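First the structure, in the form of structure tokens, and then the observations on it.
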Protein chains: 2
Amino acid sequence: MSHNLVLADWGTSNLRLWVLNETGQVCARTTSTDGADTLSSSAYAPLLRARLETLGIAPTTPVPVVVCGMAGARRGWCEADYVAVPAPPLACLNQAVSIFEAGLDVRILPGLAQNTADEPDVMRGEETQLLGFHKADPNFSGIVCLPGTHNKWVRVTQGQVMAFHTAMTGEIFALLSRHSVLRHVINGETHFAPGEPGFTAGLAEVFAKPSQWPLALFSIRAAGLLHGQTGKGAAARLSGLLVGVEVAAALSSMPGTCEVALLASGALSPLYAQAVAQAGWQCRLFDADSLTLAGLQHAARQLFPAFFKG
Amino acid sequence: MSHNLVLADWGTSNLRLWVLNETGQVCARTTSTDGADTLSSSAYAPLLRARLETLGIAPTTPVPVVVCGMAGARRGWCEADYVAVPAPPLACLNQAVSIFEAGLDVRILPGLAQNTADEPDVMRGEETQLLGFHKADPNFSGIVCLPGTHNKWVRVTQGQVMAFHTAMTGEIFALLSRHSVLRHVINGETHFAPGEPGFTAGLAEVFAKPSQWPLALFSIRAAGLLHGQTGKGAAARLSGLLVGVEVAAALSSMPGTCEVALLASGALSPLYAQAVAQAGWQCRLFDADSLTLAGLQHAARQLFPAFFKG
């Protein structure tokens, strides 16, 4: 029996690793930029071995590894086919893909798919956050919001994932602020404090006139030319407009009075908390990074029960 | 008196030149990629001289030149300050900026600005198309749509420009189709025929549920993963969603029953004609390139009357 078990959140841009010791406690962790976007399928195992050796882990027996995220995509390490929703939160575990390679005994968790003709959607990685959230609140009914580059809005009923939608807001903000004509006024100042008035104003503008936003974006550039708009103020207003139009769409697409559970970390957390509250909804905040770890730990207990008994 | 007069539409990406002979007829024309984006202010005159020499024009007396577009921007050849709307179509001519340099007698036409606190906006180049359109239909009242990288929607009353809005649809389509996660499904196939069903479907989807589009974009990617969506079909649907949300916003922002005059050339022309018609509005089509020339010709007659009398 190995002395360690490894948990990996292998996303598009980053790899986050946690190592558990014999008692199931996290004894080491590391984050690197070895994202799935840059790797061929044969590169995963050697890279993971190298990272583990850096952490002082050079196993003689195969190390159990649980992986979530884009490593399970078609162009990833090994494709783990999507589980179709509606699905109970543990459904992913039954369809984990096994790989034995380079002294690693790997299980890759599948993502979720909404396989309808008019609203197809997919997620990879967030299903593991949802698993961690399910452990924290097993009977939740309502909307779960998971902000990121591609935000997920998930309808959960009695702990079951019923449906979900993806919004590309994070990616659109990055493209518009860095590569569109708006870059001339934002001028690299894409980070702004949560209290920045432009963000609140952008949200208010969109909530008041949700269909008018396509004509509002360029006014950020014009305000730079005509009114001396600052870079930070411009970024905040752009973010307010984009987040506002997303939140308005998501909340109106999921009718029925209910609560929003916000699974977020870092800078996006206060922004989405403000947007949901400003839209008039109740919002409870959970730390996304902790939930990813909790979800992977829970998966590991199901997939490698012998390790935890040993 | 010079034997020639030069008209220039000097945009962000391209320079289009027309040369008029002594009788006021176009005797030569050329287009190059010497856009204002790539030029410092001292580069304009030598470049224009070089282009004219290529056309066989090496003047001994100063050549009259009329310029519209981004050459008049703050970072252009020489800033031509905006004329504030509401403004009559000829207002720009009174505020043209004069430059005498390298045997050229240049007038740069100013753009238009909407200098309000909540809806600031600017245009450069389109005001010259509007001047050409005014010559074609002096008493027009209605909405003028000028598609491009940055589309302009202009409210005109009895030939006077009352207000306008810019939509960044062209730029957003280019960024999303080439640089976002949607590039994996569009796969470089950004050009599609006007009859492509995805475009019509995207428009219909947005017109039916205008506030839901932020949740629709990613479904293009998911349809590629789950349903084998083609690149061309994906590009058409993305275009339909973006053009649809723009057209819906523009037409609802300009209330009152009236007609849309569409000033367009090339591939955008049938797409916007379809979108306006599918939204239930009357649409009359004008060739934008011809109107730019007509606007510059009209400006030249006012600014250099002696040339036309000579």
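In the structure tokens, the first chain shown is A, the next is B, and so on; residue numbers restart at 1 for each chain, and ligands run from 1 in the order shown.
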Determine, for each residue of chain A having at least one atom at most 6 Å from an atom of chain B, the closest pair of atoms and their separation in Å to one decimal, counting only C-alpha atoms; order by chain and ascending number, as JSON lines.
{"residue": "A:Pro120", "atom": "CA", "partner": "B:Ser219", "partner_atom": "CA", "distance": 5.4}
{"residue": "A:Asp121", "atom": "CA", "partner": "B:Ala222", "partner_atom": "CA", "distance": 5.0}
{"residue": "A:His165", "atom": "CA", "partner": "B:Leu215", "partner_atom": "CA", "distance": 6.0}
{"residue": "A:Thr166", "atom": "CA", "partner": "B:Leu215", "partner_atom": "CA", "distance": 5.8}
{"residue": "A:Ala167", "atom": "CA", "partner": "B:Leu215", "partner_atom": "CA", "distance": 5.1}
{"residue": "A:Ser211", "atom": "CA", "partner": "B:Ala249", "partner_atom": "CA", "distance": 5.7}
{"residue": "A:Gln212", "atom": "CA", "partner": "B:Ala249", "partner_atom": "CA", "distance": 5.1}
{"residue": "A:Pro214", "atom": "CA", "partner": "B:Glu246", "partner_atom": "CA", "distance": 5.7}
{"residue": "A:Leu215", "atom": "CA", "partner": "B:Ala167", "partner_atom": "CA", "distance": 5.1}
{"residue": "A:Ser219", "atom": "CA", "partner": "B:Pro120", "partner_atom": "CA", "distance": 5.4}
{"residue": "A:Ala222", "atom": "CA", "partner": "B:Asp121", "partner_atom": "CA", "distance": 5.0}
{"residue": "A:Ala223", "atom": "CA", "partner": "B:Pro120", "partner_atom": "CA", "distance": 5.8}
{"residue": "A:Glu246", "atom": "CA", "partner": "B:Pro214", "partner_atom": "CA", "distance": 5.7}
{"residue": "A:Ala249", "atom": "CA", "partner": "B:Gln212", "partner_atom": "CA", "distance": 5.1}
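Backbone DSSP over stretch 189-297 of chain B yields strand (DSSP E or B) at Val260, Ala261, Leu262, Leu263, Ala264, Cys283, Arg284, Leu285, Phe286 and Asp287 of chain B.
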Saved selection, atoms kept: N, CA and C atoms, as a CSV table (one decimal), in the first residue's frame:
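What follows is the written file selection-v6.csv:
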chain,number,residue,atom,x,y,z
B,260,VAL,N,-35.4,51.8,-42.0
B,260,VAL,CA,-34.0,51.7,-41.8
B,260,VAL,C,-33.3,51.9,-43.2
B,261,ALA,N,-32.4,52.8,-43.3
B,261,ALA,CA,-31.5,52.9,-44.5
B,261,ALA,C,-30.2,52.2,-44.1
B,262,LEU,N,-29.9,51.2,-44.9
B,262,LEU,CA,-28.7,50.3,-44.6
B,262,LEU,C,-27.6,50.7,-45.6
B,263,LEU,N,-26.5,51.3,-45.1
B,263,LEU,CA,-25.4,51.8,-45.9
B,263,LEU,C,-24.3,50.8,-45.7
B,264,ALA,N,-24.2,49.8,-46.6
B,264,ALA,CA,-23.3,48.7,-46.4
B,264,ALA,C,-22.7,48.2,-47.7
B,283,CYS,N,-36.4,48.0,-44.9
B,283,CYS,CA,-35.0,48.2,-45.1
B,283,CYS,C,-34.7,48.6,-46.5
B,284,ARG,N,-34.0,49.7,-46.7
B,284,ARG,CA,-33.6,50.1,-48.0
B,284,ARG,C,-32.0,50.1,-48.0
B,285,LEU,N,-31.5,49.5,-49.1
B,285,LEU,CA,-30.0,49.2,-49.1
B,285,LEU,C,-29.3,50.3,-50.0
B,286,PHE,N,-28.2,50.8,-49.5
B,286,PHE,CA,-27.4,51.7,-50.3
B,286,PHE,C,-25.9,51.2,-50.2
B,287,ASP,N,-25.2,51.4,-51.3
B,287,ASP,CA,-23.8,50.9,-51.3
B,287,ASP,C,-22.9,51.9,-50.6
| task | Tell me, as a list in words, which residues lie within 8 Å of A:Ser2, counting only C-alpha atoms; anything in the same chain fewer than 6 positions away does not count. | result | Pro59, Thr60, Thr61, Pro62, Val63, Pro64 and Phe307 of chain A
I need the residues from that last selection saved to file as a CSV table (one decimal), in the first residue's frame (with N, CA and C atoms), if you can.
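Okay, this is what ended up in again34.csv:
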chain,number,residue,atom,x,y,z
A,59,PRO,N,7.7,7.0,-5.2
A,59,PRO,CA,7.0,5.8,-4.7
A,59,PRO,C,7.7,4.5,-5.2
A,60,THR,N,7.6,3.4,-4.4
A,60,THR,CA,8.0,2.1,-4.9
A,60,THR,C,6.8,1.3,-5.3
A,61,THR,N,5.6,1.6,-4.6
A,61,THR,CA,4.4,1.0,-5.0
A,61,THR,C,3.6,2.0,-5.8
A,62,PRO,N,2.6,1.6,-6.7
A,62,PRO,CA,1.9,2.6,-7.4
A,62,PRO,C,1.1,3.6,-6.5
A,63,VAL,N,1.2,4.9,-6.8
A,63,VAL,CA,0.5,5.9,-6.1
A,63,VAL,C,-0.9,6.1,-6.6
A,64,PRO,N,-1.9,6.0,-5.7
A,64,PRO,CA,-3.3,6.3,-6.2
A,64,PRO,C,-3.4,7.8,-6.4
A,307,PHE,N,-7.0,2.6,0.7
A,307,PHE,CA,-6.0,3.6,1.2
A,307,PHE,C,-6.4,4.2,2.6
| request: Please provide the set of residues having any atom within 12 Å of A:Ala50, restricted to only C-alpha atoms, with same-chain residues fewer than 4 positions apart removed, written as a list of chain:residue names. | output: A:Ser32, A:Asp34, A:Ala43, A:Tyr44, A:Ala45, A:Pro46, A:Thr54, A:Leu55, A:Gly56, A:Ile57, A:Ala58, A:Pro59, A:Ala102, A:Gly103, A:Leu104
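Near A:Lys135, within 8 Å and counting only C-alpha atoms, sit Leu131, Gly132, Pro138, Ala294 and Gly295 of chain A; same-chain residues fewer than 3 positions away were not included.
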Considering only C-alpha atoms, return as a CSV table (one decimal) with C-alpha atoms, in the first residue's frame whatever protein or nucleic-acid residues lie within 9 Å of B:Gly72, sequence-local ones (same chain, fewer than 2 positions apart) excluded.
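Result saved to out_0.csv:
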chain,number,residue,atom,x,y,z
B,10,TRP,CA,-8.1,56.9,-44.4
B,67,VAL,CA,-9.3,63.2,-46.2
B,68,CYS,CA,-11.9,61.5,-44.0
B,69,GLY,CA,-11.5,58.9,-41.3
B,70,MET,CA,-9.0,58.0,-38.6
B,74,ARG,CA,-5.8,62.3,-31.9
B,75,ARG,CA,-3.1,59.8,-32.8
B,76,GLY,CA,-3.6,60.3,-36.6
B,77,TRP,CA,-2.1,62.8,-39.0
B,78,CYS,CA,-3.5,65.9,-37.4
B,79,GLU,CA,-6.5,66.0,-35.0
B,80,ALA,CA,-9.7,67.3,-36.5
B,81,ASP,CA,-11.9,68.0,-33.5
B,97,VAL,CA,-8.4,71.1,-40.6
B,108,ILE,CA,-9.1,66.6,-43.0
B,109,LEU,CA,-12.8,66.3,-42.2
B,110,PRO,CA,-13.7,66.1,-38.5
B,111,GLY,CA,-15.9,63.3,-37.1
B,124,ARG,CA,-14.9,59.2,-37.9
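Across the model, the gap from atom CA of A:Thr23 to atom CA of A:Gln302 is 15.7 Å.
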| task | Would you mind telling me which residue in A:Cys145, A:Leu90, A:Val83, A:Leu15 lies nearest to A:Gly35 when using only C-alpha atoms? | result | A:Leu15
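The spacing separating atom CA of B:Ala84 from atom CA of B:Leu112 amounts to 5.8 Å.
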